[in-house]
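Q: Provided herewith: model.txt, compact mmCIF, C-alpha atoms.
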```txt
# COMPACT_ATOMS: atom_id res chain seq x y z
CA MET A 43 -51.63 -57.49 -47.13
CA LYS A 44 -55.40 -57.80 -46.80
CA ALA A 45 -57.32 -58.17 -43.55
CA GLY A 46 -60.88 -59.22 -42.82
CA PHE A 47 -62.95 -58.95 -39.63
CA ALA A 48 -66.38 -60.52 -39.11
CA GLN A 49 -68.63 -62.25 -36.63
CA THR A 50 -71.80 -64.31 -36.77
CA ASP A 51 -74.34 -65.50 -34.23
CA ILE A 52 -73.89 -69.19 -33.31
CA SER A 53 -76.57 -69.37 -30.62
CA PRO A 54 -78.35 -72.74 -30.89
CA MET A 55 -81.36 -72.91 -33.17
CA MET A 56 -82.68 -76.04 -31.44
CA PRO A 57 -82.78 -77.45 -27.90
CA VAL A 58 -79.37 -78.88 -27.04
CA LYS A 59 -77.39 -79.81 -23.96
CA GLN A 60 -74.87 -77.38 -22.53
CA ALA A 61 -71.21 -78.34 -22.27
CA GLY A 62 -69.02 -77.74 -19.27
CA PHE A 63 -70.40 -79.38 -16.11
CA ILE A 64 -71.19 -82.99 -15.24
CA GLN A 65 -74.69 -82.00 -14.06
CA GLN A 66 -75.68 -80.47 -17.42
CA THR A 67 -77.80 -83.37 -18.65
CA GLU A 68 -80.95 -81.65 -19.97
CA LYS A 69 -81.44 -79.95 -23.31
CA ARG A 70 -81.89 -76.18 -23.02
CA SER A 71 -83.47 -73.53 -25.23
CA GLU A 72 -83.20 -70.24 -23.34
CA ILE A 73 -80.45 -67.86 -24.50
CA ARG A 74 -79.53 -65.19 -21.96
CA ASP A 75 -76.93 -63.54 -24.17
CA ARG A 76 -76.00 -64.37 -27.73
CA LEU A 77 -73.05 -66.56 -28.65
CA TYR A 78 -70.74 -65.60 -31.51
CA VAL A 79 -67.84 -66.81 -33.56
CA GLN A 80 -65.47 -64.03 -34.63
CA MET A 81 -62.72 -64.01 -37.22
CA ILE A 82 -59.56 -62.18 -38.11
CA GLY A 83 -58.44 -62.96 -41.63
CA MET A 84 -55.00 -62.17 -43.01
CA GLU A 85 -53.98 -62.64 -46.63
CA ASP A 86 -50.63 -62.05 -48.27
CA GLU A 87 -49.15 -63.15 -51.58
CA GLU A 88 -48.50 -66.68 -50.37
CA LYS A 89 -51.34 -67.74 -48.08
CA VAL A 90 -54.56 -66.99 -46.20
CA LEU A 91 -54.77 -67.30 -42.41
CA ILE A 92 -58.13 -67.36 -40.63
CA LEU A 93 -58.14 -66.99 -36.83
CA LEU A 94 -61.52 -67.89 -35.30
CA SER A 95 -62.65 -67.37 -31.71
CA ALA A 96 -65.92 -69.09 -30.76
CA ASP A 97 -68.07 -68.72 -27.66
CA ALA A 98 -67.80 -72.42 -26.91
CA LEU A 99 -66.28 -74.79 -24.38
CA GLY A 100 -63.95 -76.47 -26.85
CA MET A 101 -63.98 -77.89 -30.37
CA PRO A 102 -62.34 -81.10 -31.61
CA ALA A 103 -59.67 -80.67 -34.26
CA ASP A 104 -61.85 -82.22 -36.97
CA VAL A 105 -64.29 -79.28 -36.70
CA GLN A 106 -61.44 -76.92 -37.56
CA GLN A 107 -60.41 -79.22 -40.40
CA GLU A 108 -63.95 -79.38 -41.79
CA ILE A 109 -64.21 -75.59 -41.90
CA GLN A 110 -60.82 -75.32 -43.58
CA GLU A 111 -61.82 -77.84 -46.25
CA ARG A 112 -65.10 -76.02 -46.92
CA ILE A 113 -63.47 -72.67 -47.60
CA SER A 114 -60.17 -73.64 -49.24
CA ASP A 115 -61.47 -73.61 -52.81
CA HIS A 116 -62.38 -69.92 -52.43
CA TRP A 117 -58.70 -68.93 -52.79
CA ASN A 118 -56.04 -70.08 -55.21
CA LYS A 119 -53.44 -70.29 -52.44
CA PRO A 120 -53.02 -72.29 -49.21
CA VAL A 121 -55.57 -71.57 -46.46
CA GLN A 122 -55.00 -72.24 -42.77
CA VAL A 123 -57.73 -72.04 -40.12
CA ILE A 124 -56.96 -71.73 -36.41
CA LEU A 125 -60.07 -72.27 -34.27
CA CYS A 126 -60.03 -71.12 -30.63
CA CYS A 127 -62.72 -71.22 -27.96
CA THR A 128 -63.42 -68.81 -25.10
CA HIS A 129 -64.20 -71.86 -22.92
CA THR A 130 -67.61 -70.74 -21.67
CA HIS A 131 -69.25 -73.60 -19.77
CA PHE A 132 -72.70 -72.48 -20.89
CA ALA A 133 -72.45 -73.08 -24.63
CA PRO A 134 -74.02 -75.89 -26.68
CA ASP A 135 -72.36 -79.29 -26.75
CA ILE A 136 -70.53 -79.60 -30.08
CA LYS A 137 -71.03 -83.38 -29.87
CA ASP A 138 -74.67 -82.81 -30.76
CA PRO A 139 -74.69 -83.52 -34.53
CA LYS A 140 -77.34 -80.90 -35.32
CA TYR A 141 -75.47 -78.17 -33.49
CA ARG A 142 -72.16 -79.20 -35.03
CA THR A 143 -73.73 -78.90 -38.49
CA GLN A 144 -75.11 -75.47 -37.59
CA PHE A 145 -71.77 -74.21 -36.29
CA VAL A 146 -69.65 -75.46 -39.19
CA SER A 147 -72.10 -74.03 -41.72
CA GLN A 148 -72.34 -70.62 -40.04
CA ALA A 149 -68.60 -70.26 -39.47
CA SER A 150 -67.82 -71.24 -43.07
CA GLU A 151 -70.40 -68.86 -44.53
CA MET A 152 -69.11 -66.00 -42.38
CA ILE A 153 -65.58 -66.49 -43.70
CA LEU A 154 -66.70 -66.68 -47.33
CA ARG A 155 -68.88 -63.56 -47.06
CA CYS A 156 -66.33 -61.46 -45.19
CA SER A 157 -65.26 -58.16 -46.76
CA TRP A 158 -61.50 -57.77 -46.91
CA LYS A 159 -59.56 -54.49 -46.73
CA GLU A 160 -56.12 -53.52 -47.97
CA VAL A 161 -53.70 -52.93 -45.09
CA SER A 162 -50.73 -50.90 -46.27
CA GLU A 163 -48.84 -50.54 -42.97
CA PRO A 164 -49.66 -53.52 -40.73
CA GLY A 165 -48.58 -53.05 -37.13
CA ILE A 166 -49.17 -54.39 -33.64
CA SER A 167 -49.07 -53.18 -30.04
CA PHE A 168 -48.65 -55.47 -27.05
CA ARG A 169 -49.62 -54.63 -23.48
CA LYS A 170 -49.42 -57.26 -20.74
CA GLU A 171 -50.00 -56.92 -16.99
CA PHE A 172 -50.55 -59.15 -13.98
CA PHE A 173 -54.23 -58.95 -13.05
CA ASP A 174 -55.94 -61.18 -10.48
CA GLY A 175 -59.01 -59.02 -9.94
CA LEU A 176 -61.17 -61.57 -11.73
CA GLY A 177 -59.51 -64.90 -11.08
CA LYS A 178 -57.01 -66.53 -8.75
CA SER A 179 -55.77 -70.07 -8.23
CA ARG A 180 -58.76 -72.17 -7.27
CA ILE A 181 -56.51 -74.57 -5.35
CA SER A 182 -55.96 -73.81 -1.66
CA ALA A 183 -52.28 -73.46 -0.73
CA TYR A 184 -51.30 -73.44 -4.42
CA PRO A 185 -51.19 -69.74 -5.42
CA SER A 186 -50.27 -68.53 -8.89
CA ASP A 187 -48.40 -65.42 -9.97
CA GLN A 188 -49.05 -66.18 -13.66
CA ILE A 189 -52.42 -64.46 -14.21
CA PHE A 190 -52.09 -62.01 -17.06
CA LEU A 191 -54.31 -59.68 -19.03
CA SER A 192 -52.88 -58.97 -22.47
CA VAL A 193 -54.27 -56.43 -24.92
CA ILE A 194 -52.91 -56.87 -28.42
CA GLY A 195 -53.76 -54.14 -30.93
CA LEU A 196 -53.80 -54.67 -34.69
CA TYR A 197 -53.17 -51.54 -36.79
CA ASP A 198 -53.03 -50.13 -40.28
CA GLY A 199 -50.60 -47.28 -39.82
CA ASN A 200 -51.91 -45.30 -36.84
CA LYS A 201 -55.47 -46.60 -37.20
CA GLU A 202 -56.37 -49.32 -34.70
CA LEU A 203 -58.47 -52.00 -36.40
CA CYS A 204 -58.96 -54.66 -33.76
CA ASP A 205 -57.91 -55.67 -30.25
CA LEU A 206 -57.27 -59.16 -28.94
CA ILE A 207 -58.12 -59.53 -25.26
CA VAL A 208 -56.18 -62.46 -23.80
CA TYR A 209 -56.80 -63.59 -20.21
CA ASN A 210 -56.49 -66.81 -18.24
CA CYS A 211 -59.46 -67.46 -15.98
CA HIS A 212 -62.17 -70.12 -16.24
CA PRO A 213 -65.56 -68.68 -17.30
CA THR A 214 -67.38 -70.37 -14.43
CA VAL A 215 -68.76 -67.51 -12.39
CA MET A 216 -72.25 -69.01 -12.72
CA ASN A 217 -73.03 -72.48 -11.34
CA GLY A 218 -73.49 -75.69 -13.28
CA TYR A 219 -77.28 -75.66 -12.90
CA THR A 220 -77.64 -72.38 -14.81
CA PRO A 221 -80.60 -73.08 -17.15
CA PHE A 222 -79.65 -70.86 -20.09
CA PHE A 223 -76.92 -70.35 -22.66
CA SER A 224 -74.41 -67.59 -22.06
CA ALA A 225 -71.02 -66.44 -23.33
CA GLU A 226 -70.19 -65.80 -19.63
CA TYR A 227 -67.62 -63.12 -18.76
CA PRO A 228 -65.71 -63.27 -22.10
CA GLY A 229 -68.92 -62.38 -23.93
CA TYR A 230 -69.69 -59.59 -21.45
CA VAL A 231 -66.21 -58.11 -21.90
CA LYS A 232 -66.49 -58.12 -25.69
CA ARG A 233 -69.93 -56.49 -25.65
CA ARG A 234 -68.94 -53.73 -23.26
CA LEU A 235 -65.70 -52.88 -25.04
CA LYS A 236 -67.54 -52.72 -28.35
CA GLU A 237 -70.04 -50.29 -26.78
CA LEU A 238 -67.14 -48.11 -25.63
CA HIS A 239 -65.27 -48.35 -28.95
CA PRO A 240 -67.81 -48.96 -31.74
CA ASP A 241 -65.24 -48.24 -34.46
CA ARG A 242 -63.20 -51.41 -33.86
CA ASP A 243 -63.55 -55.08 -33.07
CA PHE A 244 -62.71 -56.97 -29.87
CA ILE A 245 -61.89 -60.67 -29.85
CA PHE A 246 -61.34 -62.74 -26.69
CA LEU A 247 -58.75 -65.51 -26.46
CA GLN A 248 -58.52 -67.77 -23.40
CA SER A 249 -55.02 -68.46 -22.11
CA CYS A 250 -53.74 -71.01 -19.53
CA ALA A 251 -56.72 -71.23 -17.17
CA GLY A 252 -56.32 -74.81 -15.93
CA ASP A 253 -55.87 -73.72 -12.31
CA ILE A 254 -57.36 -70.21 -12.41
CA SER A 255 -61.03 -69.45 -11.68
CA THR A 256 -63.32 -67.05 -9.86
CA ARG A 257 -63.83 -69.45 -6.94
CA PHE A 258 -62.25 -67.06 -4.41
CA THR A 259 -63.24 -63.76 -6.06
CA ARG A 260 -66.95 -64.09 -6.93
CA LYS A 261 -69.63 -62.97 -4.46
CA SER A 262 -72.18 -65.46 -5.77
CA GLN A 263 -72.72 -67.78 -8.72
CA ASP A 264 -75.36 -66.03 -10.78
CA TYR A 265 -75.63 -63.82 -13.85
CA GLU A 266 -75.35 -60.58 -11.90
CA ALA A 267 -72.11 -61.68 -10.25
CA MET A 268 -70.75 -62.64 -13.67
CA CYS A 269 -71.51 -59.16 -15.02
CA GLU A 270 -69.91 -57.54 -11.98
CA LEU A 271 -66.66 -59.45 -12.43
CA GLY A 272 -66.75 -58.93 -16.19
CA GLU A 273 -66.96 -55.18 -15.60
CA LYS A 274 -63.78 -55.35 -13.52
CA LEU A 275 -61.96 -56.85 -16.48
CA VAL A 276 -63.46 -54.23 -18.80
CA CYS A 277 -62.24 -51.41 -16.55
CA ARG A 278 -58.74 -52.83 -16.40
CA ALA A 279 -58.64 -53.36 -20.16
CA GLU A 280 -59.82 -49.77 -20.66
CA GLU A 281 -57.00 -48.49 -18.47
CA MET A 282 -54.49 -50.51 -20.47
CA LEU A 283 -55.93 -49.28 -23.78
CA SER A 284 -55.48 -45.69 -22.62
CA GLU A 285 -51.82 -46.22 -21.77
CA PRO A 286 -49.18 -45.55 -24.46
CA ALA A 287 -47.77 -48.59 -26.22
CA ASP A 288 -45.04 -49.01 -28.79
CA LEU A 289 -46.34 -49.62 -32.29
CA LEU A 290 -44.33 -52.46 -33.80
CA PRO A 291 -44.23 -53.52 -37.46
CA ALA A 292 -46.18 -56.71 -38.03
CA GLY A 293 -43.87 -57.98 -40.72
CA LYS A 294 -44.66 -61.17 -42.56
CA ILE A 295 -47.28 -63.51 -41.07
CA LEU A 296 -45.68 -66.90 -40.42
CA THR A 297 -47.01 -70.07 -38.82
CA GLU A 298 -45.28 -73.24 -37.69
CA GLN A 299 -46.49 -76.45 -36.10
CA ARG A 300 -44.67 -78.88 -33.82
CA THR A 301 -46.00 -82.23 -32.66
CA VAL A 302 -44.99 -83.97 -29.43
CA SER A 303 -45.59 -87.63 -28.64
CA ILE A 304 -47.45 -88.12 -25.36
CA THR A 305 -46.37 -90.68 -22.80
CA HIS A 306 -49.20 -91.47 -20.39
CA VAL A 307 -48.86 -92.47 -16.75
CA PHE A 308 -51.93 -93.70 -14.86
CA GLU A 309 -51.12 -94.07 -11.18
CA PRO A 310 -53.61 -94.36 -8.28
CA ILE A 311 -54.44 -91.19 -6.34
CA ASP A 312 -55.20 -91.56 -2.64
CA ILE A 313 -58.23 -89.57 -1.43
CA SER A 314 -58.63 -91.25 1.94
CA GLU A 315 -57.44 -88.05 3.61
CA PHE A 316 -58.00 -84.49 2.39
CA PRO A 317 -55.43 -81.75 2.99
CA GLU A 318 -56.15 -79.35 5.83
CA GLY A 319 -57.68 -76.00 4.96
CA ILE A 320 -59.31 -76.86 1.63
CA THR A 321 -62.87 -75.75 0.96
CA GLU A 322 -66.01 -77.88 0.75
CA ARG A 323 -66.21 -77.00 -2.94
CA GLU A 324 -62.72 -78.39 -3.50
CA ILE A 325 -63.63 -81.60 -1.67
CA GLU A 326 -66.72 -81.91 -3.85
CA THR A 327 -64.73 -81.50 -7.06
CA ILE A 328 -62.08 -83.99 -5.89
CA ARG A 329 -64.79 -86.60 -5.38
CA ILE A 330 -66.18 -85.83 -8.84
CA GLY A 331 -62.65 -86.18 -10.18
CA ALA A 332 -62.36 -89.64 -8.66
CA GLN A 333 -65.53 -90.67 -10.53
CA VAL A 334 -64.18 -89.24 -13.77
CA ARG A 335 -60.92 -91.12 -13.27
CA GLU A 336 -62.79 -94.43 -12.85
CA LYS A 337 -64.42 -93.88 -16.23
CA LEU A 338 -61.10 -92.84 -17.74
CA ALA A 339 -59.50 -96.07 -16.54
CA GLN A 340 -61.90 -98.01 -18.76
CA LYS A 341 -60.76 -96.30 -21.95
CA LEU A 342 -57.02 -95.73 -21.58
CA ASP A 343 -56.48 -97.06 -25.09
CA THR A 344 -58.37 -94.04 -26.48
CA LEU A 345 -56.06 -91.41 -24.93
CA PRO A 346 -54.35 -89.19 -27.52
CA LYS A 347 -50.89 -90.29 -28.61
CA GLU A 348 -49.65 -86.83 -29.57
CA VAL A 349 -50.35 -83.11 -29.25
CA THR A 350 -49.65 -80.37 -31.78
CA LEU A 351 -48.79 -76.77 -30.93
CA THR A 352 -49.23 -74.06 -33.56
CA ALA A 353 -47.29 -70.79 -33.43
CA LEU A 354 -48.33 -67.62 -35.24
CA HIS A 355 -45.59 -65.02 -35.74
CA ALA A 356 -46.19 -61.42 -36.84
CA GLY A 357 -43.04 -59.42 -36.34
CA ARG A 358 -42.20 -59.68 -32.64
CA LEU A 359 -45.68 -60.97 -31.77
CA CYS A 360 -45.99 -64.71 -31.15
CA LEU A 361 -49.19 -66.53 -30.25
CA ILE A 362 -48.87 -70.22 -29.42
CA PHE A 363 -52.05 -72.27 -29.72
CA CYS A 364 -52.53 -75.43 -27.64
CA PRO A 365 -55.64 -77.63 -27.38
CA ASN A 366 -55.22 -78.50 -23.70
CA GLU A 367 -56.18 -76.87 -20.41
CA LEU A 368 -52.66 -75.95 -19.37
CA PHE A 369 -52.00 -74.74 -15.84
CA SER A 370 -50.92 -71.11 -15.60
CA GLY A 371 -47.36 -72.10 -14.68
CA TYR A 372 -46.65 -72.87 -18.33
CA LEU A 373 -46.70 -69.12 -19.00
CA LYS A 374 -43.31 -68.96 -17.27
CA ASN A 375 -41.85 -70.78 -20.28
CA LEU A 376 -42.62 -68.00 -22.77
CA GLY A 377 -39.37 -66.86 -24.34
CA SER A 378 -40.22 -63.23 -25.10
CA ASP A 379 -42.23 -60.36 -23.63
CA THR A 380 -44.44 -60.12 -26.73
CA SER A 381 -45.63 -63.72 -26.74
CA MET A 382 -48.67 -65.44 -25.25
CA LEU A 383 -50.19 -68.90 -24.96
CA VAL A 384 -53.75 -69.52 -26.17
CA CYS A 385 -55.42 -72.70 -24.93
CA TYR A 386 -58.66 -74.49 -25.99
CA SER A 387 -57.52 -74.04 -29.59
CA THR A 388 -56.69 -76.22 -32.62
CA GLY A 389 -58.54 -79.03 -30.87
CA TYR A 390 -59.63 -79.70 -27.31
CA GLY A 391 -57.71 -81.67 -24.69
CA GLY A 392 -57.73 -82.24 -20.95
CA TYR A 393 -55.96 -80.65 -18.01
CA VAL A 394 -52.17 -80.55 -17.96
CA THR A 395 -50.62 -79.76 -14.57
CA PRO A 396 -46.95 -78.71 -14.27
CA PRO A 397 -44.21 -81.34 -14.08
CA HIS A 398 -43.92 -83.01 -10.65
CA PHE A 399 -47.28 -81.60 -9.52
CA THR A 400 -48.54 -83.32 -6.34
CA ALA A 401 -51.38 -81.18 -4.94
CA LEU A 402 -54.66 -83.05 -4.46
CA THR A 403 -57.04 -81.37 -6.90
CA TYR A 404 -59.76 -82.27 -9.38
CA GLU A 405 -57.43 -81.58 -12.29
CA ARG A 406 -54.96 -84.31 -11.31
CA PHE A 407 -57.56 -87.02 -11.90
CA THR A 408 -57.76 -86.39 -15.65
CA ASP A 409 -54.11 -85.48 -16.18
CA THR A 410 -52.24 -88.58 -17.41
CA TRP A 411 -49.24 -86.93 -19.09
CA SER A 412 -45.82 -88.03 -17.86
CA ASP A 413 -43.42 -85.49 -16.39
CA GLU A 414 -41.12 -86.08 -19.35
CA THR A 415 -43.90 -85.11 -21.79
CA LYS A 416 -44.70 -81.99 -19.77
CA GLU A 417 -41.07 -80.93 -19.72
CA GLU A 418 -40.88 -81.41 -23.48
CA ILE A 419 -43.97 -79.19 -23.92
CA ALA A 420 -42.43 -76.51 -21.67
CA SER A 421 -39.25 -76.57 -23.74
CA LEU A 422 -41.23 -76.38 -26.98
CA ILE A 423 -43.18 -73.34 -25.73
CA ARG A 424 -39.90 -71.60 -24.96
CA ASN A 425 -38.44 -72.46 -28.35
CA LEU A 426 -41.49 -71.39 -30.36
CA SER A 427 -41.88 -68.07 -28.53
CA GLU A 428 -38.33 -66.84 -28.74
CA ASN A 429 -38.07 -63.79 -31.01
CA ARG A 430 -37.07 -64.85 -34.51
```
Now, as a test, write the supplied structure out as structure tokens.
A:
Amino acid sequence: MKAGFAQTDISPMMPVKQAGFIQQTEKRSEIRDRLYVQMIGMEDEEKVLILLSADALGMPADVQQEIQERISDHWNKPVQVILCCTHTHFAPDIKDPKYRTQFVSQASEMILRCSWKEVSEPGISFRKEFFDGLGKSRISAYPSDQIFLSVIGLYDGNKELCDLIVYNCHPTVMNGYTPFFSAEYPGYVKRRLKELHPDRDFIFLQSCAGDISTRFTRKSQDYEAMCELGEKLVCRAEEMLSEPADLLPAGKILTEQRTVSITHVFEPIDISEFPEGITEREIETIRIGAQVREKLAQKLDTLPKEVTLTALHAGRLCLIFCPNELFSGYLKNLGSDTSMLVCYSTGYGGYVTPPHFTALTYERFTDTWSDETKEEIASLIRNLSENR
């Protein structure tokens, strides 16, 4: 097997709007910290797999497809690209045609210029712990016990090559009026870990963060508070990295895709009375959600008809990639202790609450999936993640 690791700066070269908040309407130029796209490449006798993680809110599936088409002729075997996003709300809007062109070009060139190394004994380690020091459920009276920090090590023999940091918390420490671009806490975590371990790479993958944020953990909504919370995650990751972990053979790299048809249900949501005990911020977001739902009602015929999940298997490791903002409860459906869900990947879709969810929250206003569709997705997650 061969492996390749690389990154390139995707900070905007021109003024462009940010993506992530309804109030982000102006084009911005200031860059507080650089944005990157990183890659892990794996090549065996049969295929090439490119896993990308971009400091971005989300990317439509056709961006992934365009990159795959650009690079495929470089190899004389099938090439598959999986594009994930860290979901920072302070990245450029990929809908801007100039920025989209910049991103696709830079990501493609990075892949083609990457230096690949022979890996004679590919292996993995998998550490996973509950950690709510950074994020908790942002919905009053709807707690979550599915907030996990996973550290996945990639090895050649006993030499650790790269670590995947997987966590499920919205990168929204800073407020929506922040006037500069930033990779938010995922970027901070990657930078700090690289400073502590300059001999290997760190890549961040965002898991099921639909209901998890820093709303009840942050002291303020500014850059300094973001760094403070990011440091908490760094310290916990460092503790986990220092703990012993079983080194498992990676085996053959396999991928599979399953597509589910989506049944949509668009029922009215009553906001004449708010639940007792919710915060002013929650009331504000519910009202914004009602506005979003009014706009959504005018374009129901454009809602996606299907969703595709992609599973990557490497020995006992299984990563399942989903485009949507799944609620953390979907992590309960994982069928093995060495599997994890990665959201905001292989496309970009809206919030998906659990089946039979009734809490009055912003997320409900954009969630149109039927309970039957949600139950089918939960079953598919379980099936894909069971150890082969």
Q: Give the answer as one residue: which of A:Leu93, A:Gln107, A:Lys159, A:Arg169 has the shortest atom-to-atom distance to Ala353 in chain A, using only C-alpha atoms?
A: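 Under the stated criterion, the closest residue is A:Leu93.
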Q: Which residues are near range 367-378 of chain A? Cut-off 7 Å, all atoms listed in the file, ignore same chain within fewer than 4 positions. Put them as a PyMOL selection string.
A: chain A and resi 188-189+250-253+383+385-386+391-396+420+423-425+427-429
Q: Which residue, A:Pro317, A:Gly389, A:Pro134, A:Gly62, has the smallest gap to His212 in chain A when you use only C-alpha atoms?
A: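 Once distances to His212 in chain A are computed over only C-alpha atoms, the minimum belongs to A:Gly62.
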Q: So which residues touch Asp187 in chain A within 9 Å, counting all atoms listed in the file, skipping near sequence neighbours fewer than 3 positions away, as a JSON list (two decimals) with C-alpha atoms, keeping the file's coordinate frame?
A:
```
[["chain", "number", "residue", "atom", "x", "y", "z"],
["A", 172, "PHE", "CA", -50.55, -59.15, -13.98],
["A", 174, "ASP", "CA", -55.94, -61.18, -10.48],
["A", 178, "LYS", "CA", -57.01, -66.53, -8.75],
["A", 179, "SER", "CA", -55.77, -70.07, -8.23],
["A", 190, "PHE", "CA", -52.09, -62.01, -17.06],
["A", 370, "SER", "CA", -50.92, -71.11, -15.60],
["A", 371, "GLY", "CA", -47.36, -72.10, -14.68]]
```
Q: As a PyMOL selection string, please: the residues near range 71-80 of chain A (cut-off 8 Å, all atoms listed in the file, same-chain neighbours under 3 positions excluded).
A: chain A and resi 47-54+56-58+94-97+133+149+221-225+229+245
Q: Sorted by chain and rising residue number, which residues of range 168-249 of chain A lie within 10 Å of range 113-126 of chain A, and what are their closest atom pairs and distances in Å to one decimal, counting only C-alpha atoms, as JSON lines?
A:
```
{"residue": "A:Phe246", "atom": "CA", "partner": "A:Cys126", "partner_atom": "CA", "distance": 9.4}
{"residue": "A:Leu247", "atom": "CA", "partner": "A:Cys126", "partner_atom": "CA", "distance": 7.1}
{"residue": "A:Gln248", "atom": "CA", "partner": "A:Cys126", "partner_atom": "CA", "distance": 8.1}
```
